[in-house]
$ cat coords_17.cif   # mmCIF, C-alpha atoms and all ligand atoms
data_protein
#
loop_
_atom_site.label_atom_id
_atom_site.label_comp_id
_atom_site.auth_asym_id
_atom_site.auth_seq_id
_atom_site.Cartn_x
_atom_site.Cartn_y
_atom_site.Cartn_z
CA MET P 30 -9.82 -10.42 7.29
CA THR P 31 -8.31 -12.57 4.57
CA ALA P 32 -4.81 -12.21 3.21
CA ALA P 33 -4.22 -11.23 -0.39
CA THR P 34 -1.17 -11.73 -2.59
CA ALA P 35 -0.29 -9.73 -5.68
CA GLN P 36 2.51 -9.65 -8.19
CA ALA P 37 3.84 -6.62 -10.07
CA CYS P 38 6.75 -5.98 -12.42
CA ALA P 39 9.15 -3.05 -12.25
CA ASN P 40 9.15 -0.61 -15.13
CA ILE P 41 11.82 1.47 -16.82
CA ALA P 42 10.85 4.94 -18.01
CA LEU P 43 11.59 5.76 -21.65
CA VAL P 44 10.44 9.34 -21.03
CA LYS P 45 11.47 10.06 -17.45
CA TYR P 46 9.58 11.33 -14.42
CA TRP P 47 11.82 13.78 -12.59
CA GLY P 48 10.13 16.46 -10.49
CA LYS P 49 6.80 16.97 -8.72
CA ARG P 50 4.03 19.56 -8.89
CA ASP P 51 2.66 18.44 -5.49
CA THR P 52 4.71 16.53 -2.94
CA ALA P 53 1.83 15.72 -0.55
CA LEU P 54 -0.25 13.97 -3.24
CA ASN P 55 2.84 12.89 -5.19
CA LEU P 56 1.80 14.55 -8.44
CA PRO P 57 4.39 14.78 -11.21
CA ALA P 58 5.53 18.02 -12.82
CA GLN P 59 5.21 16.29 -16.21
CA GLY P 60 3.96 13.02 -17.66
CA SER P 61 6.19 9.99 -18.25
CA LEU P 62 6.17 6.82 -20.34
CA SER P 63 7.59 3.39 -19.54
CA LEU P 64 8.06 -0.24 -20.42
CA THR P 65 6.99 -2.77 -17.79
CA LEU P 66 9.62 -5.51 -17.39
CA ASP P 67 8.83 -9.19 -17.06
CA ALA P 68 12.21 -10.08 -15.51
CA LEU P 69 11.87 -7.85 -12.44
CA ARG P 70 8.95 -9.01 -10.30
CA THR P 71 7.77 -8.31 -6.78
CA THR P 72 5.34 -10.59 -4.94
CA THR P 73 3.59 -9.12 -1.91
CA THR P 74 1.16 -10.54 0.66
CA VAL P 75 -0.90 -8.22 2.86
CA GLN P 76 -3.01 -9.27 5.82
CA PHE P 77 -5.00 -6.95 8.06
CA ASP P 78 -5.13 -8.54 11.51
CA GLU P 79 -7.04 -7.34 14.60
CA ARG P 80 -4.35 -8.83 16.85
CA LEU P 81 -1.57 -6.58 15.51
CA ARG P 82 -0.53 -3.54 17.55
CA ALA P 83 1.38 -1.96 14.64
CA ASP P 84 2.02 -2.50 10.94
CA SER P 85 4.89 -4.83 10.13
CA LEU P 86 6.98 -5.18 6.98
CA PHE P 87 9.25 -7.98 5.81
CA LEU P 88 11.34 -7.32 2.71
CA ASP P 89 12.96 -10.42 1.27
CA GLY P 90 12.54 -12.08 4.66
CA LYS P 91 14.09 -9.25 6.71
CA SER P 92 12.19 -6.94 9.04
CA ALA P 93 12.12 -3.40 7.61
CA THR P 94 10.90 0.04 8.70
CA THR P 95 7.26 0.95 8.08
CA SER P 96 7.85 4.72 8.19
CA ARG P 97 6.92 5.14 4.51
CA LEU P 98 4.50 2.21 4.31
CA SER P 99 2.23 3.04 7.26
CA PRO P 100 1.07 6.49 6.04
CA TRP P 101 0.26 4.83 2.72
CA LEU P 102 -1.65 2.01 4.43
CA ASP P 103 -3.60 4.75 6.26
CA ILE P 104 -5.01 5.82 2.87
CA VAL P 105 -6.22 2.25 2.27
CA ARG P 106 -7.64 2.01 5.80
CA GLU P 107 -9.50 5.29 5.39
CA ARG P 108 -11.06 4.15 2.13
CA ALA P 109 -12.05 0.79 3.62
CA GLY P 110 -13.31 2.31 6.88
CA ILE P 111 -11.05 0.14 9.04
CA ALA P 112 -8.43 0.88 11.70
CA THR P 113 -6.72 -2.52 11.65
CA PHE P 114 -2.94 -2.85 11.33
CA ALA P 115 -1.42 -4.97 8.58
CA SER P 116 1.45 -7.36 8.10
CA VAL P 117 3.19 -7.03 4.74
CA ASP P 118 5.55 -9.62 3.30
CA SER P 119 7.28 -8.62 0.05
CA LYS P 120 9.79 -10.51 -2.06
CA ASN P 121 11.67 -9.56 -5.20
CA ASP P 122 12.56 -12.31 -7.66
CA PHE P 123 15.62 -10.36 -8.76
CA PRO P 124 18.66 -9.88 -6.53
CA THR P 125 17.96 -6.90 -4.27
CA SER P 126 21.73 -6.52 -3.78
CA SER P 127 21.81 -5.50 -7.45
CA GLY P 128 20.44 -2.08 -6.52
CA LEU P 129 17.52 -2.57 -8.89
CA ALA P 130 14.97 -3.03 -6.10
CA SER P 131 12.17 -0.84 -7.20
CA SER P 132 9.51 1.11 -5.39
CA ALA P 133 7.48 0.90 -8.62
CA SER P 134 6.84 -2.85 -8.44
CA ALA P 135 6.58 -2.61 -4.64
CA TYR P 136 3.72 -0.10 -4.49
CA ALA P 137 1.94 -1.54 -7.54
CA ALA P 138 1.85 -4.98 -5.88
CA LEU P 139 0.91 -3.36 -2.56
CA ALA P 140 -2.00 -1.46 -4.11
CA VAL P 141 -3.51 -4.67 -5.51
CA ALA P 142 -2.83 -6.81 -2.42
CA ALA P 143 -3.76 -4.26 0.28
CA THR P 144 -7.05 -3.19 -1.31
CA SER P 145 -8.05 -6.80 -1.91
CA ALA P 146 -7.13 -7.75 1.68
CA ALA P 147 -9.14 -4.77 2.97
CA GLY P 148 -12.20 -5.87 0.98
CA LEU P 149 -12.08 -2.96 -1.48
CA SER P 150 -12.82 -3.41 -5.15
CA LEU P 151 -11.04 -0.72 -7.15
CA THR P 152 -10.67 -0.23 -10.89
CA ARG P 153 -7.19 -0.45 -12.37
CA THR P 154 -7.23 3.31 -12.82
CA GLU P 155 -8.07 3.81 -9.13
CA LEU P 156 -5.33 1.33 -8.20
CA SER P 157 -2.89 3.31 -10.31
CA GLU P 158 -3.84 6.49 -8.43
CA LEU P 159 -3.39 4.72 -5.09
CA ALA P 160 -0.02 3.23 -6.10
CA ARG P 161 1.11 6.72 -7.15
CA ARG P 162 0.59 7.96 -3.59
CA GLY P 163 3.25 5.44 -2.47
CA SER P 164 5.69 6.03 -5.31
CA GLY P 165 5.14 7.92 -8.53
CA SER P 166 6.61 5.36 -10.90
CA ALA P 167 4.36 2.68 -9.32
CA ALA P 168 1.35 4.22 -11.10
CA ARG P 169 2.83 2.86 -14.35
CA SER P 170 3.45 -0.70 -13.05
CA LEU P 171 -0.29 -1.33 -12.74
CA PHE P 172 -0.14 -1.71 -16.52
CA GLY P 173 1.74 -4.07 -18.80
CA GLY P 174 3.75 -3.28 -21.93
CA PHE P 175 4.10 0.40 -22.73
CA ALA P 176 2.35 2.65 -20.21
CA ILE P 177 1.92 6.39 -19.91
CA TRP P 178 1.42 8.26 -16.63
CA HIS P 179 -0.38 11.54 -17.22
CA ARG P 180 0.65 14.70 -15.44
CA GLY P 181 -2.97 15.69 -14.97
CA GLU P 182 -4.20 19.21 -14.31
CA ARG P 183 -6.43 18.80 -11.28
CA ALA P 184 -5.21 19.88 -7.85
CA ASP P 185 -6.67 16.70 -6.29
CA GLY P 186 -4.66 14.50 -8.68
CA LYS P 187 -7.68 12.48 -9.86
CA ASP P 188 -6.50 12.83 -13.45
CA SER P 189 -2.85 11.96 -12.73
CA ILE P 190 -3.26 8.30 -13.54
CA ALA P 191 -1.55 5.84 -15.86
CA GLU P 192 -2.89 3.85 -18.78
CA GLU P 193 -1.61 1.12 -21.08
CA LEU P 194 -0.66 2.24 -24.59
CA VAL P 195 0.37 -1.01 -26.26
CA GLU P 196 0.56 -4.52 -24.84
CA GLY P 197 4.05 -6.01 -24.80
CA ARG P 198 3.13 -8.90 -27.09
CA ASN P 199 2.06 -6.44 -29.75
CA TRP P 200 5.60 -5.08 -30.02
CA PRO P 201 8.18 -7.53 -28.68
CA VAL P 202 11.13 -5.27 -27.85
CA ARG P 203 13.77 -6.13 -25.24
CA MET P 204 15.45 -4.25 -22.40
CA VAL P 205 18.99 -5.29 -21.43
CA ILE P 206 20.09 -4.16 -17.96
CA ALA P 207 23.78 -3.89 -17.06
CA VAL P 208 24.15 -3.83 -13.28
CA VAL P 209 27.07 -1.49 -12.67
CA GLY P 210 29.31 -1.19 -9.64
CA GLY P 211 28.24 -4.22 -7.64
CA GLY P 212 24.85 -2.72 -6.82
CA LYS P 213 25.94 -0.57 -3.87
CA LYS P 214 23.14 1.43 -2.35
CA LYS P 215 22.69 4.71 -4.18
CA SER P 216 23.85 7.76 -2.27
CA VAL P 217 20.83 9.98 -2.95
CA SER P 218 17.26 8.68 -3.24
CA SER P 219 15.43 9.71 -6.40
CA ARG P 220 12.79 11.45 -4.26
CA ASP P 221 15.38 13.66 -2.53
CA ALA P 222 17.38 14.12 -5.73
CA MET P 223 14.47 15.34 -7.83
CA GLY P 224 13.47 17.82 -5.10
CA HIS P 225 17.03 19.12 -4.85
CA CYS P 226 17.26 19.35 -8.65
CA ALA P 227 13.99 21.31 -8.86
CA ALA P 228 15.22 23.70 -6.15
CA THR P 229 18.77 24.30 -7.37
CA SER P 230 19.41 23.23 -10.97
CA PRO P 231 19.47 26.04 -13.55
CA LEU P 232 18.57 23.34 -16.12
CA TYR P 233 15.43 22.11 -14.34
CA GLN P 234 12.97 24.32 -16.27
CA ALA P 235 14.61 23.32 -19.56
CA TRP P 236 14.26 19.67 -18.53
CA LEU P 237 10.54 20.15 -17.84
CA ALA P 238 10.07 21.88 -21.21
CA SER P 239 11.68 18.90 -22.98
CA VAL P 240 9.13 16.39 -21.70
CA PRO P 241 5.87 17.16 -23.58
CA PRO P 242 7.49 16.98 -27.05
CA ASP P 243 9.34 13.81 -25.99
CA LEU P 244 6.06 12.26 -24.86
CA ARG P 245 4.42 13.10 -28.17
CA ALA P 246 7.37 11.68 -30.13
CA ALA P 247 7.45 8.51 -28.00
CA ARG P 248 3.71 7.93 -28.44
CA ASP P 249 4.02 8.37 -32.21
CA ALA P 250 7.03 6.04 -32.33
CA ILE P 251 5.15 3.36 -30.36
CA ALA P 252 2.05 3.71 -32.54
CA ASN P 253 4.28 3.31 -35.65
CA ARG P 254 6.43 0.53 -34.07
CA ASP P 255 9.43 2.73 -34.94
CA LEU P 256 12.25 1.58 -32.62
CA GLU P 257 14.79 4.02 -34.01
CA ALA P 258 12.52 6.97 -33.22
CA LEU P 259 11.61 5.57 -29.78
CA GLY P 260 15.28 4.87 -29.08
CA ALA P 261 16.26 8.46 -29.90
CA VAL P 262 13.66 9.79 -27.45
CA THR P 263 14.63 7.21 -24.81
CA GLN P 264 18.29 8.18 -24.91
CA GLY P 265 17.52 11.90 -25.12
CA SER P 266 15.12 11.92 -22.18
CA ALA P 267 17.57 10.09 -19.92
CA MET P 268 20.45 12.37 -20.86
CA ALA P 269 18.32 15.50 -20.34
CA MET P 270 17.22 14.26 -16.91
CA HIS P 271 20.81 13.48 -15.91
CA ALA P 272 22.04 16.83 -17.29
CA ALA P 273 19.54 18.64 -15.07
CA ALA P 274 20.56 16.47 -12.10
CA LEU P 275 24.28 17.03 -12.76
CA ALA P 276 23.71 20.80 -12.82
CA SER P 277 22.13 20.73 -9.33
CA ARG P 278 24.12 22.51 -6.63
CA PRO P 279 25.78 20.48 -5.19
CA PRO P 280 25.57 18.08 -8.14
CA VAL P 281 23.64 14.81 -8.19
CA ARG P 282 25.83 12.41 -10.13
CA TYR P 283 24.78 8.78 -10.41
CA TRP P 284 27.37 7.94 -13.04
CA GLN P 285 30.37 5.73 -12.32
CA PRO P 286 33.34 5.06 -14.62
CA ALA P 287 31.77 1.79 -15.76
CA THR P 288 28.57 3.67 -16.63
CA LEU P 289 30.52 5.55 -19.30
CA ARG P 290 32.13 2.33 -20.53
CA CYS P 291 28.66 0.89 -21.02
CA LEU P 292 27.47 3.98 -22.88
CA ASP P 293 30.58 3.78 -25.09
CA ALA P 294 29.90 0.12 -25.83
CA VAL P 295 26.29 0.87 -26.80
CA GLU P 296 27.45 3.66 -29.09
CA ASN P 297 29.90 1.28 -30.77
CA LEU P 298 27.14 -1.28 -31.25
CA ALA P 299 24.90 1.37 -32.80
CA THR P 300 27.69 2.38 -35.18
CA ALA P 301 27.95 -1.27 -36.20
CA GLY P 302 24.25 -1.34 -37.07
CA ILE P 303 22.92 -2.96 -33.88
CA ARG P 304 19.71 -1.37 -32.67
CA ALA P 305 20.59 -0.36 -29.12
CA TYR P 306 19.45 2.75 -27.22
CA PRO P 307 20.59 3.46 -23.67
CA THR P 308 18.72 4.87 -20.70
CA MET P 309 19.60 5.40 -17.03
CA ASP P 310 17.70 6.03 -13.82
CA ALA P 311 18.70 7.21 -10.35
CA GLY P 312 21.71 4.90 -10.21
CA PRO P 313 24.81 3.88 -12.18
CA HIS P 314 23.16 1.03 -14.12
CA VAL P 315 22.70 1.22 -17.89
CA LYS P 316 19.55 -0.13 -19.50
CA VAL P 317 19.43 -0.68 -23.24
CA LEU P 318 16.31 -0.74 -25.38
CA THR P 319 16.84 -3.20 -28.22
CA THR P 320 15.24 -5.90 -30.35
CA GLU P 321 15.00 -9.62 -29.67
CA ALA P 322 17.41 -10.29 -32.55
CA ASP P 323 19.99 -7.75 -31.36
CA SER P 324 19.78 -8.48 -27.62
CA ASP P 325 22.51 -11.19 -27.69
CA ALA P 326 25.02 -8.72 -29.16
CA VAL P 327 24.10 -6.14 -26.51
CA VAL P 328 24.49 -8.69 -23.71
CA ALA P 329 27.87 -9.84 -25.08
CA ALA P 330 29.23 -6.29 -25.30
CA LEU P 331 28.08 -5.28 -21.80
CA THR P 332 29.19 -8.51 -20.10
CA GLU P 333 32.81 -7.83 -21.16
CA ILE P 334 33.02 -4.58 -19.22
CA ASP P 335 34.87 -4.50 -15.89
CA GLN P 336 32.62 -3.49 -13.01
CA VAL P 337 29.54 -4.77 -14.82
CA GLY P 338 28.07 -7.55 -12.72
CA GLN P 339 24.87 -9.17 -13.76
CA VAL P 340 23.38 -8.50 -17.20
CA ILE P 341 19.62 -9.12 -17.30
CA VAL P 342 17.49 -9.39 -20.45
CA SER P 343 13.79 -8.70 -20.17
CA LYS P 344 10.80 -8.71 -22.41
CA ALA P 345 7.73 -6.64 -21.66
CA GLY P 346 5.84 -7.74 -18.58
CA PRO P 347 2.18 -7.80 -17.54
CA GLY P 348 0.37 -5.34 -15.32
CA ALA P 349 0.04 -5.94 -11.58
CA GLN P 350 -2.24 -8.87 -10.74
CA ASN P 351 -3.93 -10.46 -7.79
CA ILE P 352 -2.56 -14.00 -7.47
CA SER P 353 -4.32 -14.96 -4.22
CA GLU P 354 -5.56 -18.53 -4.21
CA SER P 355 -9.34 -18.72 -4.08
CA PRO P 356 -10.53 -19.86 -0.65
C1 LIG P 401 11.26 7.24 -13.62
N1 LIG P 401 12.61 7.62 -11.58
O1 LIG P 401 10.51 7.82 -14.43
C2 LIG P 401 12.26 8.10 -12.87
C3 LIG P 401 13.55 8.24 -13.61
C4 LIG P 401 14.02 7.64 -11.35
C5 LIG P 401 14.62 8.25 -12.54
O2 LIG P 401 10.48 7.36 -10.96
O3 LIG P 401 9.22 10.16 -5.05
O4 LIG P 401 10.67 6.27 -6.68
O5 LIG P 401 8.42 7.79 -4.96
O6 LIG P 401 7.45 9.40 -6.61
O7 LIG P 401 8.93 6.89 -8.42
C6 LIG P 401 12.03 7.04 -9.30
O8 LIG P 401 11.26 7.85 -8.49
O9 LIG P 401 9.82 8.63 -6.83
C7 LIG P 401 11.66 7.36 -10.66
P1 LIG P 401 8.67 9.02 -5.82
P2 LIG P 401 10.09 7.28 -7.58
O10 LIG P 401 11.24 5.99 -13.49
#
$ encode --input "coords_17.cif" --output "structure tokens"
Amino acid sequence: MTAATAQACANIALVKYWGKRDTALNLPAQGSLSLTLDALRTTTTVQFDERLRADSLFLDGKSATTSRLSPWLDIVRERAGIATFASVDSKNDFPTSSGLASSASAYAALAVAATSAAGLSLTRTELSELARRGSGSAARSLFGGFAIWHRGERADGKDSIAEELVEGRNWPVRMVIAVVGGGKKKSVSSRDAMGHCAATSPLYQAWLASVPPDLRAARDAIANRDLEALGAVTQGSAMAMHAAALASRPPVRYWQPATLRCLDAVENLATAGIRAYPTMDAGPHVKVLTTEADSDAVVAALTEIDQVGQVIVSKAGPGAQNISESP
């Protein structure tokens, strides 16, 4: 069978995904909404090969475990009616030591490359559903610009798919990423942390209740190109997610001292009239939604902070694409 290569960008949620309604099918407890980022790309080649005796995975040139990948490849094999093992070679064009390596771009690129290599022809919606089985946030990286991933109601998850809301070029915002703390590996994976939060945090139900109104407000803000309104939701959703995580027992705390310094700096910028709205994921890094015109000021302020390493600026990126050369 032929090899296929695909490229996908990571995405940062503006309204966060934090909690599942079904762990087997990886269905979210609520919807989420994100911006796909041009600066954080994964390129993945998949080849099914009759000679292989097991799946193999290379991540940035190093052999890696297939314990999470192989069950996901089984879904592809079942759909394609094949039993062949695959070799997977995946590279990130951003430093993986930064701690930004993302399962979102990984499984979005995998969904496009693996189905193409297996001879399947899936719609983007079907690819989004397949990527979701690997990692929830990957459902959103099938799409460029602003994307929404629906919670869905069905038990089989067929309606828990993502869609593009607005292409990036139709609203050229920027995301500035401050890599905090030298990019050490995070102590708790988001998958484990959200499960622990759902099981133990007295704030988890309140977090879930906050999401539908935030989604509505974010969609309205995007439709109206209202960055101030979108920024308020972006900051609020991240803080609500982290509040619920912090209240878990024992707590899940991703914040480091430099995280707070970054949040302080963003607040000072906002007071000075710079449009800058922070968000955070399952790690200490601070990401700031801003405009093209204001991004230099955001970069300058974050670069000054001790314990901030790289500062990356990104515009909106495209959805996952097949970049295989034609035979
Ligand atoms: C998000 N995160 O919406 C949230 C915010 C982290 C914090 O999606 O278990 O790797 O594979 O579905 O997608 C990270 O969680 O979790 C994530 P799984 P995933 O971007």
$ residues_near_ligand --input "coords_17.cif" --ligand "ligand LIG 401 (chain P)" --cutoff "8 Å" --atoms "only C-alpha atoms and all ligand atoms" --output "number ranges by chain"
P: 40-47, 49, 55-57, 61-63, 131-133, 161-167, 218-221, 223, 267, 270, 309-311
$ closest_residue --input "coords_17.cif" --among "P:Thr308, P:Gln59, P:Asp255, P:Gly346" --to "Ser134 (chain P)" --atoms "all atoms listed in the file"
P:Gly346
$ residues_around --input "coords_17.cif" --residues "region 72-74 of chain P" --least-positions-apart "3" --cutoff "12 Å" --atoms "only C-alpha atoms" --output "PyMOL selection string"
chain P and resi 31-39+69+77+85-90+115-123+134-146+349-354
$ closest_residue --input "coords_17.cif" --among "P:Ala330, P:Gly348, P:Ser230, P:Ala68" --to "Ala168 (chain P)" --atoms "all atoms listed in the file"
P:Gly348
$ atom_distance --input "coords_17.cif" --atom1 "CA of Thr95 (chain P)" --atom2 "CA of Ser150 (chain P)"
24.4 Å
$ atom_distance --input "coords_17.cif" --atom1 "CA of Gln336 (chain P)" --atom2 "CA of Val295 (chain P)"
15.8 Å
$ decode --input "coords_17.cif" --residues "region 320-331 of chain P" --atoms "all heavy atoms" --output "PDB file, in the first residue's frame"
ATOM      1  N   THR P 320      -4.191  41.410  18.630  1.00  0.00           N
ATOM      2  CA  THR P 320      -4.305  41.832  17.234  1.00  0.00           C
ATOM      3  C   THR P 320      -2.914  41.847  16.602  1.00  0.00           C
ATOM      4  O   THR P 320      -1.894  41.830  17.296  1.00  0.00           O
ATOM      5  CB  THR P 320      -4.871  43.260  17.129  1.00  0.00           C
ATOM      6  OG1 THR P 320      -3.927  44.144  17.758  1.00  0.00           O
ATOM      7  CG2 THR P 320      -6.213  43.381  17.828  1.00  0.00           C
ATOM      8  N   GLU P 321      -2.884  41.940  15.276  1.00  0.00           N
ATOM      9  CA  GLU P 321      -1.601  42.037  14.584  1.00  0.00           C
ATOM     10  C   GLU P 321      -0.846  43.284  15.070  1.00  0.00           C
ATOM     11  O   GLU P 321       0.344  43.228  15.389  1.00  0.00           O
ATOM     12  CB  GLU P 321      -1.839  42.113  13.069  1.00  0.00           C
ATOM     13  CG  GLU P 321      -0.561  42.116  12.274  1.00  0.00           C
ATOM     14  CD  GLU P 321      -0.800  42.125  10.779  1.00  0.00           C
ATOM     15  OE1 GLU P 321      -1.958  42.306  10.345  1.00  0.00           O
ATOM     16  OE2 GLU P 321       0.179  41.951  10.041  1.00  0.00           O
ATOM     17  N   ALA P 322      -1.575  44.406  15.184  1.00  0.00           N
ATOM     18  CA  ALA P 322      -0.940  45.671  15.563  1.00  0.00           C
ATOM     19  C   ALA P 322      -0.393  45.629  16.989  1.00  0.00           C
ATOM     20  O   ALA P 322       0.646  46.230  17.285  1.00  0.00           O
ATOM     21  CB  ALA P 322      -1.949  46.815  15.427  1.00  0.00           C
ATOM     22  N   ASP P 323      -1.068  44.927  17.887  1.00  0.00           N
ATOM     23  CA  ASP P 323      -0.651  44.911  19.293  1.00  0.00           C
ATOM     24  C   ASP P 323       0.300  43.767  19.635  1.00  0.00           C
ATOM     25  O   ASP P 323       0.824  43.700  20.753  1.00  0.00           O
ATOM     26  CB  ASP P 323      -1.886  44.814  20.205  1.00  0.00           C
ATOM     27  CG  ASP P 323      -2.639  46.137  20.291  1.00  0.00           C
ATOM     28  OD1 ASP P 323      -2.022  47.185  20.015  1.00  0.00           O
ATOM     29  OD2 ASP P 323      -3.832  46.127  20.639  1.00  0.00           O
ATOM     30  N   SER P 324       0.535  42.855  18.683  1.00  0.00           N
ATOM     31  CA  SER P 324       1.308  41.657  19.031  1.00  0.00           C
ATOM     32  C   SER P 324       2.762  41.988  19.403  1.00  0.00           C
ATOM     33  O   SER P 324       3.331  41.325  20.276  1.00  0.00           O
ATOM     34  CB  SER P 324       1.248  40.627  17.903  1.00  0.00           C
ATOM     35  OG  SER P 324       1.793  41.148  16.724  1.00  0.00           O
ATOM     36  N   ASP P 325       3.355  43.017  18.785  1.00  0.00           N
ATOM     37  CA  ASP P 325       4.747  43.372  19.134  1.00  0.00           C
ATOM     38  C   ASP P 325       4.851  43.778  20.607  1.00  0.00           C
ATOM     39  O   ASP P 325       5.800  43.406  21.304  1.00  0.00           O
ATOM     40  CB  ASP P 325       5.254  44.535  18.260  1.00  0.00           C
ATOM     41  CG  ASP P 325       5.569  44.081  16.847  1.00  0.00           C
ATOM     42  OD1 ASP P 325       5.600  42.849  16.613  1.00  0.00           O
ATOM     43  OD2 ASP P 325       5.756  44.954  15.972  1.00  0.00           O
ATOM     44  N   ALA P 326       3.881  44.552  21.077  1.00  0.00           N
ATOM     45  CA  ALA P 326       3.906  44.996  22.484  1.00  0.00           C
ATOM     46  C   ALA P 326       3.750  43.802  23.420  1.00  0.00           C
ATOM     47  O   ALA P 326       4.383  43.739  24.486  1.00  0.00           O
ATOM     48  CB  ALA P 326       2.783  46.012  22.725  1.00  0.00           C
ATOM     49  N   VAL P 327       2.924  42.839  23.024  1.00  0.00           N
ATOM     50  CA  VAL P 327       2.721  41.646  23.860  1.00  0.00           C
ATOM     51  C   VAL P 327       4.011  40.834  23.911  1.00  0.00           C
ATOM     52  O   VAL P 327       4.456  40.408  24.981  1.00  0.00           O
ATOM     53  CB  VAL P 327       1.541  40.801  23.319  1.00  0.00           C
ATOM     54  CG1 VAL P 327       1.396  39.509  24.107  1.00  0.00           C
ATOM     55  CG2 VAL P 327       0.241  41.608  23.353  1.00  0.00           C
ATOM     56  N   VAL P 328       4.633  40.654  22.745  1.00  0.00           N
ATOM     57  CA  VAL P 328       5.894  39.896  22.697  1.00  0.00           C
ATOM     58  C   VAL P 328       6.943  40.579  23.570  1.00  0.00           C
ATOM     59  O   VAL P 328       7.630  39.927  24.373  1.00  0.00           O
ATOM     60  CB  VAL P 328       6.410  39.769  21.242  1.00  0.00           C
ATOM     61  CG1 VAL P 328       7.814  39.172  21.214  1.00  0.00           C
ATOM     62  CG2 VAL P 328       5.449  38.917  20.418  1.00  0.00           C
ATOM     63  N   ALA P 329       7.068  41.897  23.443  1.00  0.00           N
ATOM     64  CA  ALA P 329       8.093  42.635  24.199  1.00  0.00           C
ATOM     65  C   ALA P 329       7.884  42.456  25.705  1.00  0.00           C
ATOM     66  O   ALA P 329       8.834  42.204  26.457  1.00  0.00           O
ATOM     67  CB  ALA P 329       8.054  44.117  23.823  1.00  0.00           C
ATOM     68  N   ALA P 330       6.642  42.551  26.149  1.00  0.00           N
ATOM     69  CA  ALA P 330       6.364  42.454  27.586  1.00  0.00           C
ATOM     70  C   ALA P 330       6.649  41.043  28.106  1.00  0.00           C
ATOM     71  O   ALA P 330       7.181  40.873  29.215  1.00  0.00           O
ATOM     72  CB  ALA P 330       4.906  42.839  27.856  1.00  0.00           C
ATOM     73  N   LEU P 331       6.311  40.024  27.333  1.00  0.00           N
ATOM     74  CA  LEU P 331       6.483  38.646  27.813  1.00  0.00           C
ATOM     75  C   LEU P 331       7.945  38.207  27.746  1.00  0.00           C
ATOM     76  O   LEU P 331       8.411  37.437  28.596  1.00  0.00           O
ATOM     77  CB  LEU P 331       5.598  37.687  26.996  1.00  0.00           C
ATOM     78  CG  LEU P 331       4.090  37.888  27.182  1.00  0.00           C
ATOM     79  CD1 LEU P 331       3.305  37.006  26.211  1.00  0.00           C
ATOM     80  CD2 LEU P 331       3.661  37.591  28.616  1.00  0.00           C
TER      81      LEU P 331
END
